[in-house]
$ cat upload-v6.txt   # compact mmCIF, C-alpha atoms and all ligand atoms
# COMPACT_ATOMS: atom_id res chain seq x y z
CA MET A 21 21.02 -10.32 24.56
CA THR A 22 19.17 -11.84 21.61
CA HIS A 23 21.15 -11.85 18.34
CA VAL A 24 19.47 -11.43 14.95
CA ASP A 25 20.60 -10.53 11.46
CA THR A 26 18.07 -7.72 10.93
CA LEU A 27 15.90 -5.68 13.28
CA ILE A 28 12.90 -4.15 11.47
CA ILE A 29 11.36 -1.13 13.16
CA GLY A 30 7.73 -0.77 12.01
CA GLY A 31 5.44 -3.65 11.04
CA GLY A 32 3.19 -2.08 8.36
CA LEU A 33 3.24 -3.11 4.71
CA ALA A 34 6.91 -2.15 4.30
CA GLY A 35 8.27 -3.81 7.45
CA THR A 36 6.13 -6.95 7.15
CA THR A 37 7.05 -7.51 3.51
CA LEU A 38 10.74 -6.94 4.24
CA ALA A 39 10.53 -9.44 7.12
CA TRP A 40 9.14 -12.17 4.86
CA SER A 41 11.70 -11.38 2.15
CA LEU A 42 14.58 -11.72 4.60
CA MET A 43 13.17 -14.91 6.12
CA HIS A 44 12.91 -16.40 2.62
CA ARG A 45 16.66 -15.73 2.31
CA GLY A 46 17.41 -17.54 5.59
CA GLN A 47 17.91 -14.49 7.82
CA ARG A 48 17.02 -14.30 11.52
CA VAL A 49 14.70 -11.31 11.87
CA ALA A 50 13.08 -9.36 14.73
CA ILE A 51 10.26 -6.85 14.23
CA VAL A 52 9.17 -4.12 16.60
CA ASP A 53 5.81 -2.41 16.12
CA ARG A 54 3.79 -0.23 18.47
CA GLY A 55 0.48 -1.61 17.20
CA THR A 56 -1.16 1.52 15.78
CA LYS A 57 -4.90 0.86 15.33
CA ARG A 58 -5.35 2.96 12.17
CA SER A 59 -2.07 3.09 10.26
CA SER A 60 -1.87 3.76 6.54
CA SER A 61 -1.50 0.02 5.92
CA ILE A 62 -4.45 -0.96 8.11
CA ILE A 63 -6.93 1.32 6.37
CA ALA A 64 -5.47 1.11 2.82
CA ALA A 65 -7.61 -0.26 0.01
CA GLY A 66 -4.69 -2.27 -1.39
CA LEU A 67 -5.61 -1.64 -5.03
CA MET A 68 -3.14 -2.37 -7.82
CA THR A 69 -4.06 -0.66 -11.07
CA PRO A 70 -2.13 -0.50 -14.36
CA ILE A 71 -3.66 2.80 -15.55
CA THR A 72 -4.36 5.44 -12.91
CA GLY A 73 -5.46 9.01 -12.21
CA LYS A 74 -7.18 11.68 -14.26
CA ARG A 75 -4.44 11.55 -16.90
CA LEU A 76 -4.72 7.78 -17.32
CA ALA A 77 -1.04 7.39 -16.44
CA LEU A 78 0.65 4.02 -16.81
CA SER A 79 1.69 2.70 -13.43
CA TRP A 80 5.48 2.88 -12.96
CA ARG A 81 7.23 -0.43 -13.84
CA TRP A 82 3.88 -2.29 -13.90
CA PRO A 83 5.08 -5.15 -16.20
CA GLU A 84 7.71 -6.27 -13.69
CA LEU A 85 6.13 -5.15 -10.37
CA ARG A 86 2.66 -6.68 -10.86
CA PRO A 87 3.74 -10.31 -11.51
CA PHE A 88 6.33 -10.05 -8.76
CA ALA A 89 3.71 -8.83 -6.26
CA GLY A 90 1.17 -11.48 -7.31
CA HIS A 91 3.69 -14.29 -6.87
CA PHE A 92 4.87 -12.93 -3.52
CA TYR A 93 1.37 -12.59 -1.99
CA ARG A 94 0.34 -16.04 -3.25
CA THR A 95 3.45 -17.50 -1.57
CA ILE A 96 2.50 -15.91 1.77
CA GLU A 97 -1.13 -17.04 1.37
CA THR A 98 0.13 -20.61 1.01
CA ALA A 99 2.55 -20.28 3.94
CA THR A 100 -0.13 -18.86 6.24
CA GLN A 101 -3.11 -20.78 4.79
CA THR A 102 -5.01 -17.51 4.42
CA THR A 103 -6.64 -15.69 1.50
CA PHE A 104 -5.98 -11.99 1.08
CA PHE A 105 -4.94 -11.39 -2.55
CA HIS A 106 -7.87 -10.94 -4.94
CA GLU A 107 -7.36 -10.79 -8.71
CA ARG A 108 -10.66 -8.98 -9.28
CA GLY A 109 -9.99 -6.73 -12.26
CA MET A 110 -11.16 -3.11 -12.38
CA VAL A 111 -13.57 -1.13 -14.55
CA ARG A 112 -12.76 2.51 -15.20
CA LEU A 113 -15.74 4.65 -16.26
CA PHE A 114 -15.02 7.92 -18.08
CA ARG A 115 -16.04 11.09 -16.22
CA ASN A 116 -15.80 13.52 -19.13
CA GLU A 117 -15.04 13.88 -22.84
CA ARG A 118 -11.38 14.67 -22.11
CA GLU A 119 -10.83 11.24 -20.52
CA CYS A 120 -12.54 9.59 -23.54
CA ALA A 121 -10.17 11.46 -25.88
CA VAL A 122 -7.02 10.59 -23.88
CA PHE A 123 -8.04 6.94 -23.93
CA ALA A 124 -8.78 6.93 -27.66
CA ASN A 125 -5.37 8.46 -28.41
CA ARG A 126 -3.42 5.96 -26.35
CA VAL A 127 -5.36 2.71 -26.44
CA ASP A 128 -3.57 1.12 -29.39
CA ALA A 129 0.01 2.14 -28.70
CA GLU A 130 0.30 2.32 -24.90
CA PHE A 131 -2.58 0.36 -23.37
CA ARG A 132 -2.33 -2.73 -25.59
CA GLY A 133 -2.69 -5.90 -23.51
CA LEU A 134 -3.81 -3.94 -20.43
CA VAL A 135 -7.40 -3.06 -21.35
CA GLN A 136 -10.54 -4.67 -22.68
CA GLN A 137 -13.94 -3.20 -23.62
CA PRO A 138 -16.52 -5.93 -22.91
CA GLU A 139 -20.17 -5.38 -23.86
CA PRO A 140 -21.87 -4.48 -21.65
CA LEU A 141 -19.10 -2.93 -19.57
CA VAL A 142 -21.27 -2.79 -16.42
CA ASN A 143 -24.77 -3.72 -15.32
CA GLU A 144 -26.75 -0.55 -16.03
CA GLN A 145 -29.19 -1.33 -13.21
CA GLU A 146 -26.24 -0.89 -10.85
CA PHE A 147 -24.13 1.83 -12.51
CA ALA A 148 -24.75 4.90 -14.66
CA ASN A 149 -22.39 4.75 -17.63
CA ALA A 150 -23.11 7.57 -20.06
CA LEU A 151 -19.59 7.89 -21.53
CA GLY A 152 -18.31 4.30 -21.50
CA GLY A 153 -14.96 3.18 -20.18
CA PHE A 154 -12.67 0.16 -20.14
CA ALA A 155 -11.81 -2.90 -18.05
CA MET A 156 -8.35 -3.72 -16.66
CA PRO A 157 -8.29 -7.49 -16.05
CA THR A 158 -4.86 -7.49 -14.35
CA ALA A 159 -5.92 -5.02 -11.63
CA ALA A 160 -5.98 -6.64 -8.19
CA GLN A 161 -6.70 -5.96 -4.55
CA LEU A 162 -4.66 -6.87 -1.50
CA ASP A 163 -6.66 -7.10 1.73
CA VAL A 164 -3.82 -5.37 3.55
CA LYS A 165 -5.23 -5.81 7.03
CA ALA A 166 -5.73 -9.56 6.52
CA TYR A 167 -2.16 -9.85 5.15
CA LEU A 168 -0.77 -7.99 8.16
CA ASP A 169 -2.92 -9.93 10.66
CA CYS A 170 -1.83 -13.35 9.44
CA SER A 171 1.82 -12.26 9.15
CA ARG A 172 1.75 -10.83 12.66
CA ARG A 173 0.30 -14.10 13.95
CA GLU A 174 3.18 -16.05 12.35
CA PHE A 175 5.81 -13.61 13.63
CA ARG A 176 4.34 -13.69 17.14
CA GLU A 177 4.32 -17.50 17.20
CA ALA A 178 7.95 -17.52 16.01
CA GLY A 179 8.88 -15.14 18.87
CA MET A 180 10.07 -12.49 16.39
CA LEU A 181 7.55 -9.75 17.21
CA HIS A 182 8.05 -7.09 19.91
CA GLU A 183 4.86 -5.08 20.44
CA VAL A 184 6.27 -1.85 21.92
CA GLU A 185 7.15 1.66 20.80
CA ILE A 186 10.79 2.48 20.09
CA ASP A 187 12.36 5.89 20.66
CA VAL A 188 13.90 6.27 17.22
CA ALA A 189 16.60 8.73 18.33
CA MET A 190 17.65 7.08 21.60
CA ASP A 191 16.96 3.33 21.44
CA ILE A 192 18.97 2.40 18.35
CA VAL A 193 22.73 2.59 18.89
CA PRO A 194 24.94 1.64 15.92
CA SER A 195 28.64 0.70 15.94
CA ALA A 196 30.93 -0.48 13.15
CA ASP A 197 29.64 -4.06 13.07
CA ARG A 198 26.27 -4.09 14.86
CA VAL A 199 23.28 -2.20 16.24
CA ILE A 200 22.15 -2.46 19.85
CA CYS A 201 18.50 -1.95 20.85
CA GLN A 202 18.73 -1.87 24.64
CA PRO A 203 14.96 -1.82 25.47
CA LEU A 204 14.56 -5.09 23.56
CA LEU A 205 17.86 -6.53 24.86
CA LEU A 206 18.63 -7.19 21.23
CA GLU A 207 21.71 -7.02 19.03
CA ALA A 208 21.34 -6.97 15.22
CA ARG A 209 23.76 -6.80 12.32
CA THR A 210 21.50 -4.12 10.78
CA ALA A 211 18.39 -2.15 11.78
CA ILE A 212 15.93 -0.96 9.12
CA PHE A 213 13.38 1.81 9.78
CA CYS A 214 10.00 1.06 8.18
CA LEU A 215 8.00 3.72 10.01
CA GLY A 216 5.68 5.02 7.31
CA TYR A 217 4.59 8.66 7.64
CA HIS A 218 5.74 10.48 10.78
CA PRO A 219 5.39 14.24 11.24
CA ILE A 220 8.79 14.66 12.93
CA PRO A 221 11.72 13.79 10.61
CA ASN A 222 13.60 10.58 11.37
CA PRO A 223 16.79 11.88 13.05
CA TRP A 224 18.82 9.24 11.20
CA PHE A 225 17.58 10.40 7.79
CA PRO A 226 16.78 14.11 8.32
CA SER A 227 17.12 15.00 4.63
CA LEU A 228 14.22 12.73 3.63
CA GLN A 229 11.20 15.02 3.78
CA PHE A 230 7.65 13.79 3.35
CA ASN A 231 5.37 15.27 0.72
CA SER A 232 2.49 13.23 2.06
CA ALA A 233 -1.25 13.16 1.44
CA LYS A 234 -4.00 12.21 3.85
CA GLY A 235 -6.68 9.85 2.55
CA GLU A 236 -10.18 9.10 3.80
CA ILE A 237 -12.06 5.92 3.06
CA LEU A 238 -15.61 4.63 3.73
CA THR A 239 -16.88 1.13 4.45
CA LEU A 240 -20.36 0.69 2.98
CA ARG A 241 -23.22 -1.78 3.01
CA ILE A 242 -24.84 -2.08 -0.43
CA PRO A 243 -27.28 -5.01 -0.20
CA GLU A 244 -28.41 -4.94 -3.86
CA LEU A 245 -24.99 -4.70 -5.51
CA ARG A 246 -23.73 -7.89 -7.22
CA GLU A 247 -20.60 -6.49 -8.94
CA LYS A 248 -17.41 -8.38 -8.01
CA ARG A 249 -14.90 -6.15 -9.80
CA ILE A 250 -13.53 -2.81 -8.59
CA LEU A 251 -15.26 0.21 -10.17
CA ASN A 252 -13.58 3.60 -10.58
CA ARG A 253 -15.02 6.92 -11.71
CA GLY A 254 -13.31 9.68 -9.76
CA VAL A 255 -13.61 7.52 -6.67
CA TRP A 256 -13.28 3.75 -6.57
CA LEU A 257 -15.69 1.19 -5.13
CA ALA A 258 -14.18 -2.17 -4.14
CA PRO A 259 -15.89 -5.33 -2.84
CA LEU A 260 -15.22 -6.70 0.62
CA GLU A 261 -17.25 -9.64 1.93
CA GLY A 262 -20.94 -10.19 1.09
CA GLU A 263 -22.85 -6.90 1.13
CA MET A 264 -19.84 -4.89 2.27
CA PHE A 265 -17.77 -2.59 0.04
CA ARG A 266 -15.15 0.13 0.46
CA ALA A 267 -15.10 3.46 -1.31
CA GLY A 268 -12.48 6.18 -1.50
CA SER A 269 -10.30 7.88 -1.31
CA THR A 270 -9.67 11.59 -0.81
CA TYR A 271 -6.32 13.29 -1.38
CA GLU A 272 -5.57 16.08 1.11
CA ARG A 273 -2.13 17.69 1.46
CA GLU A 274 -2.79 20.37 4.09
CA GLN A 275 -4.29 18.67 7.15
CA LEU A 276 -1.95 15.70 7.75
CA ASP A 277 -3.65 13.89 10.61
CA GLY A 278 -5.54 10.64 10.98
CA GLU A 279 -8.94 12.23 11.63
CA PRO A 280 -11.91 11.47 9.35
CA THR A 281 -13.78 14.65 8.33
CA GLU A 282 -17.35 15.47 7.30
CA ARG A 283 -15.95 17.08 4.16
CA GLY A 284 -14.06 13.91 3.19
CA ARG A 285 -17.14 11.77 3.70
CA GLU A 286 -19.32 14.10 1.63
CA GLU A 287 -16.78 14.17 -1.19
CA ILE A 288 -16.69 10.37 -1.44
CA GLU A 289 -20.46 9.99 -1.11
CA SER A 290 -21.27 12.62 -3.73
CA ARG A 291 -18.78 11.27 -6.28
CA LEU A 292 -20.02 7.75 -5.69
CA SER A 293 -23.62 8.86 -6.23
CA GLU A 294 -22.62 10.14 -9.68
CA PHE A 295 -22.33 6.55 -10.92
CA LEU A 296 -23.74 4.13 -8.29
CA ARG A 297 -27.49 3.74 -8.81
CA LEU A 298 -28.14 1.72 -5.64
CA PRO A 299 -28.75 2.88 -2.06
CA PHE A 300 -25.85 2.49 0.38
CA GLU A 301 -25.28 2.82 4.11
CA VAL A 302 -22.01 4.08 5.62
CA ILE A 303 -20.72 1.61 8.22
CA ASP A 304 -17.27 3.03 8.93
CA HIS A 305 -15.14 6.05 8.04
CA ALA A 306 -11.35 6.09 8.48
CA ALA A 307 -8.38 8.27 7.59
CA ALA A 308 -4.58 7.97 7.52
CA VAL A 309 -1.60 9.63 5.85
CA ARG A 310 0.11 8.05 2.84
CA PRO A 311 3.93 8.07 3.27
CA ILE A 312 4.97 9.93 0.11
CA ILE A 313 8.62 11.04 -0.19
CA ARG A 314 9.32 10.91 -3.94
CA GLU A 315 6.23 10.81 -6.17
CA SER A 316 5.40 7.16 -7.04
CA ARG A 317 8.79 5.84 -5.92
CA PRO A 318 9.86 4.23 -2.67
CA VAL A 319 13.02 5.11 -0.77
CA LEU A 320 15.39 2.39 0.44
CA GLY A 321 18.99 2.09 1.45
CA PHE A 322 21.50 2.78 4.17
CA HIS A 323 22.75 5.68 6.27
CA PRO A 324 25.84 7.26 4.63
CA ASP A 325 27.89 7.25 7.88
CA HIS A 326 26.23 4.36 9.74
CA PRO A 327 25.79 1.56 7.18
CA ARG A 328 24.29 -0.67 9.90
CA ILE A 329 21.17 1.53 9.78
CA GLY A 330 18.80 1.51 6.83
CA ILE A 331 15.38 2.67 5.68
CA PHE A 332 12.44 1.36 3.65
CA ASN A 333 9.73 4.00 3.28
CA GLY A 334 7.94 6.23 0.76
CA LEU A 335 5.55 3.56 -0.51
CA GLY A 336 3.09 6.39 -1.19
CA SER A 337 -0.27 5.45 -2.65
CA LYS A 338 1.01 2.23 -4.26
CA GLY A 339 2.35 0.28 -1.32
CA SER A 340 0.77 -3.07 -2.27
CA LEU A 341 2.35 -3.01 -5.71
CA LEU A 342 5.76 -1.62 -4.70
CA ALA A 343 6.43 -3.41 -1.41
CA PRO A 344 7.25 -6.97 -2.60
CA PHE A 345 9.66 -5.99 -5.39
CA PHE A 346 11.57 -3.39 -3.40
CA ALA A 347 11.58 -5.40 -0.16
CA ALA A 348 13.27 -8.15 -2.20
CA GLN A 349 15.77 -5.63 -3.55
CA LEU A 350 16.61 -4.39 -0.04
CA ALA A 351 16.78 -7.97 1.25
CA ASP A 352 19.26 -8.86 -1.51
CA ALA A 353 21.35 -5.82 -0.61
CA LEU A 354 21.29 -6.86 3.07
CA CYS A 355 22.37 -10.40 2.15
CA GLY A 356 25.10 -9.11 -0.17
CA THR A 357 23.50 -10.69 -3.24
CA GLY A 358 22.15 -7.63 -5.06
CA GLN A 359 22.05 -3.87 -5.36
CA ILE A 360 19.47 -1.15 -4.92
CA ASP A 361 18.34 0.68 -8.06
CA PRO A 362 19.79 4.23 -8.14
CA ASP A 363 16.36 5.87 -8.64
CA VAL A 364 15.00 4.50 -5.33
CA ARG A 365 18.18 4.70 -3.26
CA ALA A 366 17.98 6.71 0.02
C1 LIG B 401 -6.84 6.17 2.47
C2 LIG B 401 -5.68 5.40 1.92
C3 LIG B 401 -5.89 4.58 0.83
C4 LIG B 401 -4.84 3.86 0.28
N1 LIG B 401 -5.09 3.04 -0.76
C5 LIG B 401 -4.09 2.33 -1.31
C6 LIG B 401 -4.35 1.47 -2.41
O1 LIG B 401 -5.48 1.36 -2.90
N2 LIG B 401 -3.31 0.77 -2.93
C7 LIG B 401 -2.05 0.86 -2.40
O2 LIG B 401 -1.16 0.18 -2.88
N3 LIG B 401 -1.76 1.68 -1.37
C8 LIG B 401 -2.76 2.42 -0.82
N4 LIG B 401 -2.49 3.27 0.22
C9 LIG B 401 -1.09 3.47 0.62
C10 LIG B 401 -0.51 2.36 1.46
O3 LIG B 401 -1.39 2.18 2.51
C11 LIG B 401 0.88 2.74 1.97
O4 LIG B 401 1.76 2.82 0.90
C12 LIG B 401 1.42 1.72 2.97
O5 LIG B 401 0.45 1.33 3.88
C13 LIG B 401 2.61 2.25 3.72
O6 LIG B 401 3.07 1.25 4.58
P1 LIG B 401 4.25 1.51 5.60
O7 LIG B 401 4.57 0.20 6.22
O8 LIG B 401 5.36 2.26 4.94
O9 LIG B 401 3.66 2.54 6.68
P2 LIG B 401 2.59 2.30 7.86
O10 LIG B 401 1.43 1.54 7.40
O11 LIG B 401 2.34 3.64 8.45
O12 LIG B 401 3.37 1.39 8.91
C14 LIG B 401 4.31 1.91 9.80
C15 LIG B 401 4.32 1.03 11.04
O13 LIG B 401 5.35 1.50 11.91
C16 LIG B 401 4.89 1.45 13.24
N5 LIG B 401 5.66 2.44 13.99
C17 LIG B 401 5.79 3.76 13.70
N6 LIG B 401 6.59 4.35 14.60
C18 LIG B 401 6.98 3.38 15.48
C19 LIG B 401 7.84 3.38 16.62
N7 LIG B 401 8.46 4.48 17.05
N8 LIG B 401 8.02 2.21 17.30
C20 LIG B 401 7.39 1.07 16.86
N9 LIG B 401 6.60 1.02 15.78
C21 LIG B 401 6.39 2.17 15.09
C22 LIG B 401 3.39 1.78 13.14
O14 LIG B 401 2.70 1.23 14.23
C23 LIG B 401 3.00 1.10 11.82
O15 LIG B 401 2.52 -0.21 12.03
C24 LIG B 401 -3.54 3.98 0.82
C25 LIG B 401 -3.32 4.79 1.93
C26 LIG B 401 -4.38 5.50 2.49
C27 LIG B 401 -4.13 6.37 3.67
$ encode --input "upload-v6.txt" --output "structure tokens" --more "lines below"
Ligand SMILES: Cc1cc2nc3c(=O)[nH]c(=O)nc-3n(C[C@H](O)[C@H](O)[C@H](O)COP(=O)(O)OP(=O)(O)OC[C@H]3O[C@@H](n4cnc5c(N)ncnc54)[C@H](O)[C@@H]3O)c2cc1C
Amino acid sequence: MTHVDTLIIGGGLAGTTLAWSLMHRGQRVAIVDRGTKRSSSIIAAGLMTPITGKRLALSWRWPELRPFAGHFYRTIETATQTTFFHERGMVRLFRNERECAVFANRVDAEFRGLVQQPEPLVNEQEFANALGGFAMPTAAQLDVKAYLDCSRREFREAGMLHEVEIDVAMDIVPSADRVICQPLLLEARTAIFCLGYHPIPNPWFPSLQFNSAKGEILTLRIPELREKRILNRGVWLAPLEGEMFRAGSTYEREQLDGEPTERGREEIESRLSEFLRLPFEVIDHAAAVRPIIRESRPVLGFHPDHPRIGIFNGLGSKGSLLAPFFAAQLADALCGTGQIDPDVRA
């Protein structure tokens, strides 16, 4: 039997970030992941935005979560000698008069320090901009796949990564002071489920029901586009490398599968064409389901009767922003050095 402090089940954004957070606190960690090709984390855009949605809502706990996330990702970039965190800033273009009015009402009191209105806001050869908009310099983009790839490489080299599927109901057996995972021949002080969206409820946490939303996303080639910031006008357009960009995403609550649809592609393309003046070519089209449990808030904590079993899930559509702060909170709770906030507790 191998002995570790924490076994993490699921190596997406939640599990990977928790693994780093525990390692930074000196824990011995094992991760098991079945290696899904198109998980929510692998296709996610990784955007972090202070003001979001049609209602121009302020992102929950932005002033503390954003610096925490930035510092965390920079630390992992240094440790892995990789670049995946891009402080690009975002431009939001108004779609209608109502958005202009909401902005005008709130800009002085609520958006102070978060927005700027440079002149010109965008290059009008590239983007139609009839109603104006605003820039958010602190917006950023995590290349989630690159972050996961380099983390996985480190974990594999350290012998921490088990690339198999676990039977959640049968393979994890808790007792008063430990958890046994027989297929891995592994004994842990605690096991934490970081499984993202799954259509069948986790038998250890049956009361946590998903209220998830599928999202579709396109990868595009736009040879003439020079913009380096993220643009948003109903859909967002974010730079990748060179001529490549990503655009998305849809929000679908009925059909919760990982299949890209013609309808999703048309929706993104038509909204993009409302403001992008340049020709584009679709290179890839992907879909996945966002793990939403409570709107905008993650869920973390321990089983009421089996405290050796825990959960970190519900990162929703803001996983890149939420994961570092709340992984640290769960890691502190696991190390006995901190507590979990009541409004995110499982
Ligand atoms: C289209 C789209 C766009 C998005 N855009 C953004 C964005 O711009 N900004 C943002 O912050 N967030 C965005 N998100 C949301 C973000 O991707 C999620 O919050 C995040 O990826 C959730 O990570 P997770 O680790 O909880 O779940 P997942 O990514 O689903 O990871 C779960 C992992 O568990 C593994 N697993 C599951 N079951 C088992 C098992 N039985 N045994 C072993 N391993 C198992 C899977 O292989 C997977 O690797 C987007 C999501 C989608 C779908």
$ axis_aligned_box --input "upload-v6.txt" --around "ligand LIG 401 (chain B)" --padding-each-side "6 Å" --output "AutoDock Vina command-line options"
--center_x 0.8 --center_y 3.1 --center_z 7.2 --size_x 27.3 --size_y 18.6 --size_z 32.2
$ residues_near_ligand --input "upload-v6.txt" --ligand "ligand LIG 401 (chain B)" --cutoff "7 Å" --atoms "all atoms listed in the file" --output "PyMOL selection string"
chain A and resi 29-35+52-56+59-68+184-188+214-217+234-237+268-270+307-311+333-341
$ residues_near_point --input "upload-v6.txt" --point "(14.1, -1.2, 19.1)" --cutoff "6 Å" --atoms "all atoms listed in the file" --output "short mmCIF file (atom, residue, chain, number, x, y, z; two decimals) with C-alpha atoms, keeping the file's coordinate frame"
data_model
loop_
_atom_site.label_atom_id
_atom_site.label_comp_id
_atom_site.auth_asym_id
_atom_site.auth_seq_id
_atom_site.Cartn_x
_atom_site.Cartn_y
_atom_site.Cartn_z
CA ILE A 186 10.79 2.48 20.09
CA ASP A 191 16.96 3.33 21.44
CA CYS A 201 18.50 -1.95 20.85
CA LEU A 204 14.56 -5.09 23.56
#
$ closest_residue --input "upload-v6.txt" --among "A:Cys170, A:Ala159, A:Ala343, A:Val364" --to "Leu251 of chain A" --atoms "only C-alpha atoms"
A:Ala159
$ residues_around --input "upload-v6.txt" --residues "segment 84-96 of chain A" --least-positions-apart "4" --cutoff "7 Å" --atoms "only C-alpha atoms" --output "PDB file with C-alpha atoms, in the coordinates of the input"
ATOM      1  CA  THR A 100      -0.130 -18.860   6.240  1.00  0.00           C
ATOM      2  CA  PHE A 105      -4.940 -11.390  -2.550  1.00  0.00           C
ATOM      3  CA  LEU A 341       2.350  -3.010  -5.710  1.00  0.00           C
ATOM      4  CA  LEU A 342       5.760  -1.620  -4.700  1.00  0.00           C
ATOM      5  CA  PRO A 344       7.250  -6.970  -2.600  1.00  0.00           C
ATOM      6  CA  PHE A 345       9.660  -5.990  -5.390  1.00  0.00           C
TER       7      PHE A 345
END
$ residues_around --input "upload-v6.txt" --residues "Arg172 of chain A" --least-positions-apart "2" --cutoff "10 Å" --atoms "all atoms listed in the file" --output "PDB file with C-alpha atoms, in the frame of the given file"
ATOM      1  CA  GLY A  31       5.440  -3.650  11.040  1.00  0.00           C
ATOM      2  CA  GLY A  32       3.190  -2.080   8.360  1.00  0.00           C
ATOM      3  CA  THR A  36       6.130  -6.950   7.150  1.00  0.00           C
ATOM      4  CA  ILE A  51      10.260  -6.850  14.230  1.00  0.00           C
ATOM      5  CA  ASP A  53       5.810  -2.410  16.120  1.00  0.00           C
ATOM      6  CA  ALA A 166      -5.730  -9.560   6.520  1.00  0.00           C
ATOM      7  CA  TYR A 167      -2.160  -9.850   5.150  1.00  0.00           C
ATOM      8  CA  LEU A 168      -0.770  -7.990   8.160  1.00  0.00           C
ATOM      9  CA  ASP A 169      -2.920  -9.930  10.660  1.00  0.00           C
ATOM     10  CA  CYS A 170      -1.830 -13.350   9.440  1.00  0.00           C
ATOM     11  CA  GLU A 174       3.180 -16.050  12.350  1.00  0.00           C
ATOM     12  CA  PHE A 175       5.810 -13.610  13.630  1.00  0.00           C
ATOM     13  CA  ARG A 176       4.340 -13.690  17.140  1.00  0.00           C
ATOM     14  CA  GLU A 177       4.320 -17.500  17.200  1.00  0.00           C
ATOM     15  CA  ALA A 178       7.950 -17.520  16.010  1.00  0.00           C
ATOM     16  CA  MET A 180      10.070 -12.490  16.390  1.00  0.00           C
ATOM     17  CA  LEU A 181       7.550  -9.750  17.210  1.00  0.00           C
TER      18      LEU A 181
END
$ closest_residue --input "upload-v6.txt" --among "A:Ala160, A:Met43, A:Ala353, A:Ala211" --to "Ala258 of chain A" --atoms "only C-alpha atoms"
A:Ala160
$ residues_around --input "upload-v6.txt" --residues "Leu141 of chain A" --least-positions-apart "2" --cutoff "12 Å" --atoms "all atoms listed in the file" --output "list in words"
Met110, Val111, Arg112, Leu113, Phe114, Val135, Gln136, Gln137, Pro138, Glu139, Asn143, Glu144, Glu146, Phe147, Ala148, Asn149, Ala150, Leu151, Gly152, Gly153, Phe154, Ala155, Met156, Glu247, Arg249 and Leu251 of chain A
$ atom_distance --input "upload-v6.txt" --atom1 "atom CA of Tyr271 of chain A" --atom2 "atom CA of Phe332 of chain A"
22.8 Å
$ residues_around --input "upload-v6.txt" --residues "Glu119 of chain A" --least-positions-apart "3" --cutoff "9 Å" --atoms "only C-alpha atoms" --output "number ranges by chain"
A: 74-76, 114-116, 122-124
$ atom_distance --input "upload-v6.txt" --atom1 "atom CA of Arg241 of chain A" --atom2 "atom CA of Asp304 of chain A"
9.7 Å
$ closest_residue --input "upload-v6.txt" --among "A:Gly356, A:Val142, A:Glu207, A:Val164" --to "Leu296 of chain A" --atoms "all atoms listed in the file"
A:Val142
$ atom_distance --input "upload-v6.txt" --atom1 "atom CA of Pro223 of chain A" --atom2 "atom CA of Ile360 of chain A"
22.4 Å
$ closest_residue --input "upload-v6.txt" --among "A:Val127, A:Thr69, A:Glu261, A:Ala208" --to "Asp163 of chain A" --atoms "only C-alpha atoms"
A:Glu261
$ closest_residue --input "upload-v6.txt" --among "A:Arg132, A:Val49, A:Ala366, A:Lys248" --to "Pro327 of chain A" --atoms "only C-alpha atoms"
A:Ala366
$ closest_residue --input "upload-v6.txt" --among "A:Ala121, A:Ile71, A:Pro324, A:Gly46" --to "Gly109 of chain A" --atoms "only C-alpha atoms"
A:Ile71
$ residues_around --input "upload-v6.txt" --residues "Asn231 of chain A" --least-positions-apart "5" --cutoff "8 Å" --atoms "all atoms listed in the file" --output "list in words"
Arg273, Pro311, Ile312, Ile313 and Arg314 of chain A
